[in-house]
>>> print(open('start04.cif').read())   # mmCIF, C-alpha atoms
data_model
#
loop_
_atom_site.label_atom_id
_atom_site.label_comp_id
_atom_site.auth_asym_id
_atom_site.auth_seq_id
_atom_site.Cartn_x
_atom_site.Cartn_y
_atom_site.Cartn_z
CA MET A 12 8.56 5.61 0.57
CA ARG A 13 6.98 3.40 -2.03
CA PRO A 14 5.91 -0.21 -2.61
CA PHE A 15 8.67 -2.64 -3.46
CA ASP A 16 9.06 -3.70 -7.08
CA ASP A 17 11.08 -6.44 -8.72
CA ALA A 18 13.88 -4.00 -9.56
CA ASP A 19 14.62 -3.68 -5.82
CA ALA A 20 15.81 -7.28 -5.49
CA ASP A 21 19.54 -6.55 -5.85
CA ASP A 22 19.51 -3.61 -3.42
CA LEU A 23 17.40 -5.56 -0.96
CA PHE A 24 19.77 -8.53 -1.16
CA ALA A 25 22.77 -6.26 -0.59
CA LEU A 26 21.06 -4.85 2.51
CA HIS A 27 20.00 -8.17 4.03
CA SER A 28 23.20 -10.03 3.17
CA SER A 29 25.34 -7.59 5.17
CA ALA A 30 26.47 -9.17 8.43
CA TYR A 31 27.37 -5.69 9.68
CA VAL A 32 23.92 -4.23 9.02
CA LEU A 33 22.19 -7.27 10.52
CA ARG A 34 24.47 -7.72 13.52
CA TYR A 35 21.50 -7.11 15.88
CA TRP A 36 18.87 -8.71 13.63
CA ASP A 37 16.94 -11.76 14.79
CA ALA A 38 17.79 -13.71 11.64
CA PRO A 39 21.08 -14.44 9.88
CA PRO A 40 22.15 -12.49 6.79
CA TRP A 41 20.81 -13.81 3.51
CA SER A 42 23.14 -15.98 1.48
CA GLU A 43 20.92 -16.43 -1.60
CA ARG A 44 19.45 -13.69 -3.80
CA VAL A 45 16.17 -15.61 -4.08
CA ARG A 46 15.46 -14.46 -0.50
CA SER A 47 15.02 -10.89 -1.77
CA GLU A 48 12.50 -12.05 -4.36
CA GLN A 49 10.62 -13.97 -1.65
CA PHE A 50 10.66 -10.88 0.58
CA ILE A 51 9.18 -8.73 -2.19
CA THR A 52 6.49 -11.35 -2.85
CA ALA A 53 5.70 -11.51 0.88
CA CYS A 54 5.41 -7.70 0.98
CA ARG A 55 2.85 -7.80 -1.83
CA GLN A 56 0.90 -10.61 -0.16
CA MET A 57 0.92 -8.78 3.17
CA ALA A 58 -0.47 -5.62 1.54
CA GLU A 59 -3.08 -7.53 -0.47
CA GLY A 60 -4.14 -9.55 2.57
CA GLY A 61 -4.42 -6.50 4.79
CA THR A 62 -1.98 -7.85 7.37
CA GLY A 63 0.70 -5.20 6.97
CA ALA A 64 2.79 -3.10 4.65
CA ARG A 65 6.52 -2.85 4.07
CA LEU A 66 7.73 0.03 1.94
CA ALA A 67 11.01 0.68 0.20
CA VAL A 68 12.72 3.91 1.23
CA ASP A 69 14.65 5.92 -1.35
CA ARG A 70 16.79 8.96 -0.67
CA VAL A 71 15.02 12.05 -2.01
CA SER A 72 18.20 13.37 -3.61
CA GLY A 73 19.25 10.87 -6.25
CA GLY A 74 16.54 8.30 -5.55
CA ALA A 75 18.90 5.60 -4.25
CA PHE A 76 17.37 2.74 -2.24
CA ILE A 77 18.51 3.07 1.37
CA GLY A 78 16.26 0.63 3.23
CA TRP A 79 12.72 -0.17 4.17
CA CYS A 80 10.19 0.34 6.94
CA GLY A 81 6.79 -1.06 7.62
CA LEU A 82 3.95 -2.11 9.82
CA ASN A 83 3.15 -5.78 10.15
CA ARG A 84 1.26 -8.12 12.44
CA TRP A 85 -1.86 -5.97 12.16
CA ASN A 86 -4.40 -7.21 14.64
CA PRO A 87 -7.84 -5.72 13.97
CA ASP A 88 -9.28 -7.11 17.22
CA TYR A 89 -6.64 -5.37 19.33
CA ARG A 90 -6.18 -2.47 16.88
CA SER A 91 -2.43 -2.95 16.98
CA ALA A 92 0.56 -3.50 14.73
CA SER A 93 4.35 -3.83 14.91
CA LEU A 94 6.79 -1.33 13.44
CA GLY A 95 10.00 -2.48 11.78
CA TYR A 96 12.76 -1.00 9.63
CA CYS A 97 16.15 -1.78 8.17
CA PHE A 98 18.53 0.71 6.55
CA ASN A 99 21.91 0.28 4.91
CA ASP A 100 24.86 1.49 6.94
CA ALA A 101 25.60 4.38 4.57
CA ALA A 102 22.22 5.84 5.60
CA TRP A 103 22.86 5.61 9.35
CA GLY A 104 23.24 8.80 11.31
CA HIS A 105 21.46 11.03 8.79
CA GLY A 106 17.94 10.86 10.24
CA TYR A 107 16.50 8.77 7.41
CA ALA A 108 15.14 6.02 9.67
CA THR A 109 13.49 8.57 11.93
CA GLU A 110 12.07 10.48 8.98
CA ALA A 111 10.67 7.40 7.26
CA ALA A 112 9.37 5.70 10.39
CA ARG A 113 7.67 8.92 11.56
CA ALA A 114 5.06 8.49 8.81
CA LEU A 115 3.99 5.08 10.05
CA PRO A 116 2.39 6.01 13.40
CA ARG A 117 0.48 8.80 11.64
CA TRP A 118 -0.82 6.23 9.14
CA ALA A 119 -1.51 3.69 11.90
CA PHE A 120 -3.49 6.08 14.09
CA ASP A 121 -5.12 8.41 11.56
CA THR A 122 -5.88 6.06 8.67
CA LEU A 123 -5.91 2.53 10.09
CA ASP A 124 -7.54 3.60 13.39
CA LEU A 125 -5.09 1.55 15.43
CA ASN A 126 -4.66 2.07 19.15
CA ARG A 127 -1.13 0.70 19.63
CA VAL A 128 2.07 0.35 17.65
CA GLN A 129 4.81 -1.82 19.10
CA ALA A 130 8.48 -2.25 18.20
CA GLU A 131 11.35 -4.35 19.49
CA THR A 132 15.09 -3.83 19.28
CA ASP A 133 18.14 -5.67 20.51
CA THR A 134 19.33 -4.00 23.72
CA ARG A 135 22.76 -3.46 22.14
CA ASN A 136 21.24 -1.47 19.27
CA VAL A 137 21.17 1.94 20.94
CA ALA A 138 20.79 3.72 17.57
CA SER A 139 17.50 1.93 16.89
CA ALA A 140 16.32 2.60 20.44
CA SER A 141 17.09 6.28 19.86
CA VAL A 142 14.98 6.31 16.68
CA LEU A 143 12.03 4.83 18.53
CA GLU A 144 12.36 7.28 21.40
CA LYS A 145 12.52 10.24 18.98
CA LEU A 146 9.20 9.01 17.58
CA GLY A 147 7.63 9.00 21.04
CA PHE A 148 7.79 5.28 21.74
CA VAL A 149 8.13 4.32 25.40
CA ARG A 150 10.38 1.48 26.52
CA GLU A 151 7.99 -0.89 28.27
CA GLY A 152 10.22 -3.78 29.19
CA THR A 153 12.93 -6.24 28.36
CA LEU A 154 12.48 -9.65 26.80
CA ARG A 155 15.31 -11.56 28.39
CA GLU A 156 17.31 -13.89 26.16
CA ASP A 157 14.57 -13.91 23.52
CA CYS A 158 16.83 -14.07 20.45
CA VAL A 159 19.98 -15.74 19.29
CA VAL A 160 21.94 -13.30 17.14
CA ASN A 161 25.05 -14.66 15.42
CA GLY A 162 25.12 -17.54 17.87
CA GLU A 163 24.89 -15.21 20.88
CA VAL A 164 21.86 -15.08 23.14
CA SER A 165 20.54 -11.52 23.36
CA ASP A 166 17.84 -9.48 25.04
CA SER A 167 15.33 -7.19 23.35
CA TRP A 168 13.64 -4.03 24.49
CA VAL A 169 9.91 -3.73 23.84
CA TYR A 170 8.65 -0.27 22.91
CA GLY A 171 5.06 0.86 22.63
CA LEU A 172 3.29 3.90 21.29
CA ILE A 173 -0.33 4.40 22.33
CA ARG A 174 -2.69 6.50 20.25
CA ARG A 175 -3.68 8.79 23.15
CA GLU A 176 -0.01 9.50 23.94
CA TRP A 177 1.11 10.04 20.35
CA ARG A 178 2.04 13.54 19.29
CA PRO A 179 2.65 14.02 15.58
CA SER A 180 5.82 15.94 15.00
CA SER A 181 5.28 19.49 13.88
CA GLU A 182 8.97 20.00 13.24
CA PRO A 183 9.99 20.39 9.62
CA VAL A 184 12.26 17.74 8.19
CA PRO A 185 15.82 19.08 8.14
CA ALA A 186 17.41 19.71 4.73
CA ARG A 187 20.15 17.27 3.78
#
>>> encode(input="start04.cif", output="structure tokens")
Amino acid sequence: MRPFDDADADDLFALHSSAYVLRYWDAPPWSERVRSEQFITACRQMAEGGTGARLAVDRVSGGAFIGWCGLNRWNPDYRSASLGYCFNDAAWGHGYATEAARALPRWAFDTLDLNRVQAETDTRNVASASVLEKLGFVREGTLREDCVVNGEVSDSWVYGLIRREWRPSSEPVPAR
């Protein structure tokens, strides 16, 4: 994981312009490359302003960009943040999302001294729900009809991970 740089714009646009990748996303696929440049700028502003961090994720072997993950909506009063991630479909099923996202609760609890990390996923996105559950997140409820995805009203599951319930994984990362 690393900060985004301007050279990531094409890969980021390819990721966020894929209707297949974003089929459960709460926003439509991007149609203009300038959106990737705006995203990168917003990532920098978020980091500089102390309101969150989104990091590019590269595959260790070969260094190819495969997605991003991050914490945003930091709330210092409540000591909380929201976890999010997006990976290209070629990276699905290999454990990359779980591996990358696993570092974020450790950072949230150990470094940022947060008490809660929250995440949401479309109820149809069982793969994302599985990632969250592998990380120790607990499904806390359902937001009924809270999003419109591709013109279809959808529900979201809310997941939470509380500092006192978090157990850092001691398992080694599997070789790929």
>>> atom_distance(input="start04.cif", atom1="CA of Ile51 in chain A", atom2="CA of Ala92 in chain A")
19.7 Å
>>> closest_residue(input="start04.cif", among="A:Ser93, A:Asn83, A:Asn99, A:Gln129", to="Leu33 in chain A", atoms="only C-alpha atoms")
A:Asn99
>>> residues_around(input="start04.cif", residues="Asp166 in chain A", least_positions_apart="3", cutoff="9 Å", atoms="all atoms listed in the file", output="compact mmCIF listing (two decimals) with C-alpha atoms, in the coordinates of the input")
# COMPACT_ATOMS: atom_id res chain seq x y z
CA THR A 132 15.09 -3.83 19.28
CA ASP A 133 18.14 -5.67 20.51
CA THR A 134 19.33 -4.00 23.72
CA ARG A 135 22.76 -3.46 22.14
CA THR A 153 12.93 -6.24 28.36
CA LEU A 154 12.48 -9.65 26.80
CA ARG A 155 15.31 -11.56 28.39
CA GLU A 156 17.31 -13.89 26.16
CA ASP A 157 14.57 -13.91 23.52
CA CYS A 158 16.83 -14.07 20.45
CA VAL A 159 19.98 -15.74 19.29
>>> closest_residue(input="start04.cif", among="A:Ala138, A:Ala67, A:Ala102, A:Ala114", to="Ala18 in chain A", atoms="only C-alpha atoms")
A:Ala67
>>> atom_distance(input="start04.cif", atom1="CA of Arg113 in chain A", atom2="CA of Val128 in chain A")
11.9 Å
>>> atom_distance(input="start04.cif", atom1="CA of Pro87 in chain A", atom2="CA of Gly171 in chain A")
16.9 Å
>>> build_atoms(input="start04.cif", residues="range 22-33 of chain A", atoms="all heavy atoms", output="PDB file, in the coordinates of the input")
ATOM      1  N   ASP A  22      19.260  -4.504  -4.554  1.00  0.00           N
ATOM      2  CA  ASP A  22      19.510  -3.610  -3.420  1.00  0.00           C
ATOM      3  C   ASP A  22      19.056  -4.240  -2.109  1.00  0.00           C
ATOM      4  O   ASP A  22      19.733  -4.119  -1.078  1.00  0.00           O
ATOM      5  CB  ASP A  22      18.800  -2.274  -3.614  1.00  0.00           C
ATOM      6  CG  ASP A  22      19.424  -1.426  -4.706  1.00  0.00           C
ATOM      7  OD1 ASP A  22      20.644  -1.528  -4.933  1.00  0.00           O
ATOM      8  OD2 ASP A  22      18.683  -0.648  -5.336  1.00  0.00           O
ATOM      9  N   LEU A  23      17.925  -4.902  -2.148  1.00  0.00           N
ATOM     10  CA  LEU A  23      17.400  -5.560  -0.960  1.00  0.00           C
ATOM     11  C   LEU A  23      18.329  -6.696  -0.518  1.00  0.00           C
ATOM     12  O   LEU A  23      18.616  -6.854   0.673  1.00  0.00           O
ATOM     13  CB  LEU A  23      15.992  -6.083  -1.241  1.00  0.00           C
ATOM     14  CG  LEU A  23      15.191  -6.617  -0.073  1.00  0.00           C
ATOM     15  CD1 LEU A  23      15.019  -5.556   1.015  1.00  0.00           C
ATOM     16  CD2 LEU A  23      13.832  -7.092  -0.565  1.00  0.00           C
ATOM     17  N   PHE A  24      18.830  -7.454  -1.490  1.00  0.00           N
ATOM     18  CA  PHE A  24      19.770  -8.530  -1.160  1.00  0.00           C
ATOM     19  C   PHE A  24      21.057  -7.960  -0.566  1.00  0.00           C
ATOM     20  O   PHE A  24      21.578  -8.482   0.425  1.00  0.00           O
ATOM     21  CB  PHE A  24      20.088  -9.393  -2.384  1.00  0.00           C
ATOM     22  CG  PHE A  24      21.062 -10.491  -2.068  1.00  0.00           C
ATOM     23  CD1 PHE A  24      20.684 -11.566  -1.272  1.00  0.00           C
ATOM     24  CD2 PHE A  24      22.359 -10.436  -2.543  1.00  0.00           C
ATOM     25  CE1 PHE A  24      21.593 -12.572  -0.962  1.00  0.00           C
ATOM     26  CE2 PHE A  24      23.271 -11.435  -2.234  1.00  0.00           C
ATOM     27  CZ  PHE A  24      22.883 -12.502  -1.441  1.00  0.00           C
ATOM     28  N   ALA A  25      21.554  -6.882  -1.126  1.00  0.00           N
ATOM     29  CA  ALA A  25      22.770  -6.260  -0.590  1.00  0.00           C
ATOM     30  C   ALA A  25      22.545  -5.826   0.864  1.00  0.00           C
ATOM     31  O   ALA A  25      23.423  -6.001   1.719  1.00  0.00           O
ATOM     32  CB  ALA A  25      23.188  -5.069  -1.448  1.00  0.00           C
ATOM     33  N   LEU A  26      21.383  -5.281   1.152  1.00  0.00           N
ATOM     34  CA  LEU A  26      21.060  -4.850   2.510  1.00  0.00           C
ATOM     35  C   LEU A  26      21.009  -6.032   3.471  1.00  0.00           C
ATOM     36  O   LEU A  26      21.664  -6.030   4.507  1.00  0.00           O
ATOM     37  CB  LEU A  26      19.710  -4.113   2.491  1.00  0.00           C
ATOM     38  CG  LEU A  26      19.139  -3.679   3.839  1.00  0.00           C
ATOM     39  CD1 LEU A  26      20.002  -2.596   4.463  1.00  0.00           C
ATOM     40  CD2 LEU A  26      17.701  -3.191   3.660  1.00  0.00           C
ATOM     41  N   HIS A  27      20.236  -7.044   3.115  1.00  0.00           N
ATOM     42  CA  HIS A  27      20.000  -8.170   4.030  1.00  0.00           C
ATOM     43  C   HIS A  27      21.088  -9.237   3.987  1.00  0.00           C
ATOM     44  O   HIS A  27      21.019 -10.188   4.758  1.00  0.00           O
ATOM     45  CB  HIS A  27      18.624  -8.784   3.766  1.00  0.00           C
ATOM     46  CG  HIS A  27      17.529  -8.049   4.466  1.00  0.00           C
ATOM     47  ND1 HIS A  27      17.151  -8.309   5.763  1.00  0.00           N
ATOM     48  CD2 HIS A  27      16.747  -7.028   4.048  1.00  0.00           C
ATOM     49  CE1 HIS A  27      16.176  -7.492   6.110  1.00  0.00           C
ATOM     50  NE2 HIS A  27      15.917  -6.699   5.087  1.00  0.00           N
ATOM     51  N   SER A  28      22.076  -9.085   3.150  1.00  0.00           N
ATOM     52  CA  SER A  28      23.200 -10.030   3.170  1.00  0.00           C
ATOM     53  C   SER A  28      24.392  -9.457   3.941  1.00  0.00           C
ATOM     54  O   SER A  28      25.409 -10.131   4.110  1.00  0.00           O
ATOM     55  CB  SER A  28      23.619 -10.412   1.748  1.00  0.00           C
ATOM     56  OG  SER A  28      24.105  -9.276   1.051  1.00  0.00           O
ATOM     57  N   SER A  29      24.261  -8.240   4.428  1.00  0.00           N
ATOM     58  CA  SER A  29      25.340  -7.590   5.170  1.00  0.00           C
ATOM     59  C   SER A  29      25.325  -8.022   6.639  1.00  0.00           C
ATOM     60  O   SER A  29      24.407  -7.672   7.390  1.00  0.00           O
ATOM     61  CB  SER A  29      25.194  -6.067   5.089  1.00  0.00           C
ATOM     62  OG  SER A  29      26.085  -5.450   5.997  1.00  0.00           O
ATOM     63  N   ALA A  30      26.349  -8.754   7.035  1.00  0.00           N
ATOM     64  CA  ALA A  30      26.470  -9.170   8.430  1.00  0.00           C
ATOM     65  C   ALA A  30      26.588  -7.960   9.355  1.00  0.00           C
ATOM     66  O   ALA A  30      26.100  -7.979  10.491  1.00  0.00           O
ATOM     67  CB  ALA A  30      27.663 -10.101   8.610  1.00  0.00           C
ATOM     68  N   TYR A  31      27.213  -6.906   8.878  1.00  0.00           N
ATOM     69  CA  TYR A  31      27.370  -5.690   9.680  1.00  0.00           C
ATOM     70  C   TYR A  31      26.017  -5.021   9.933  1.00  0.00           C
ATOM     71  O   TYR A  31      25.686  -4.680  11.067  1.00  0.00           O
ATOM     72  CB  TYR A  31      28.341  -4.726   9.000  1.00  0.00           C
ATOM     73  CG  TYR A  31      28.575  -3.457   9.775  1.00  0.00           C
ATOM     74  CD1 TYR A  31      29.207  -3.492  11.019  1.00  0.00           C
ATOM     75  CD2 TYR A  31      28.166  -2.228   9.283  1.00  0.00           C
ATOM     76  CE1 TYR A  31      29.407  -2.328  11.749  1.00  0.00           C
ATOM     77  CE2 TYR A  31      28.372  -1.060  10.001  1.00  0.00           C
ATOM     78  CZ  TYR A  31      28.998  -1.110  11.229  1.00  0.00           C
ATOM     79  OH  TYR A  31      29.202   0.031  11.952  1.00  0.00           O
ATOM     80  N   VAL A  32      25.231  -4.861   8.885  1.00  0.00           N
ATOM     81  CA  VAL A  32      23.920  -4.230   9.020  1.00  0.00           C
ATOM     82  C   VAL A  32      23.020  -5.073   9.924  1.00  0.00           C
ATOM     83  O   VAL A  32      22.283  -4.545  10.755  1.00  0.00           O
ATOM     84  CB  VAL A  32      23.258  -4.009   7.647  1.00  0.00           C
ATOM     85  CG1 VAL A  32      21.791  -3.614   7.781  1.00  0.00           C
ATOM     86  CG2 VAL A  32      24.021  -2.953   6.859  1.00  0.00           C
ATOM     87  N   LEU A  33      23.099  -6.382   9.790  1.00  0.00           N
ATOM     88  CA  LEU A  33      22.190  -7.270  10.520  1.00  0.00           C
ATOM     89  C   LEU A  33      22.789  -7.817  11.818  1.00  0.00           C
ATOM     90  O   LEU A  33      22.295  -8.800  12.362  1.00  0.00           O
ATOM     91  CB  LEU A  33      21.782  -8.446   9.621  1.00  0.00           C
ATOM     92  CG  LEU A  33      21.003  -8.072   8.361  1.00  0.00           C
ATOM     93  CD1 LEU A  33      20.555  -9.316   7.623  1.00  0.00           C
ATOM     94  CD2 LEU A  33      19.810  -7.190   8.674  1.00  0.00           C
TER      95      LEU A  33
END
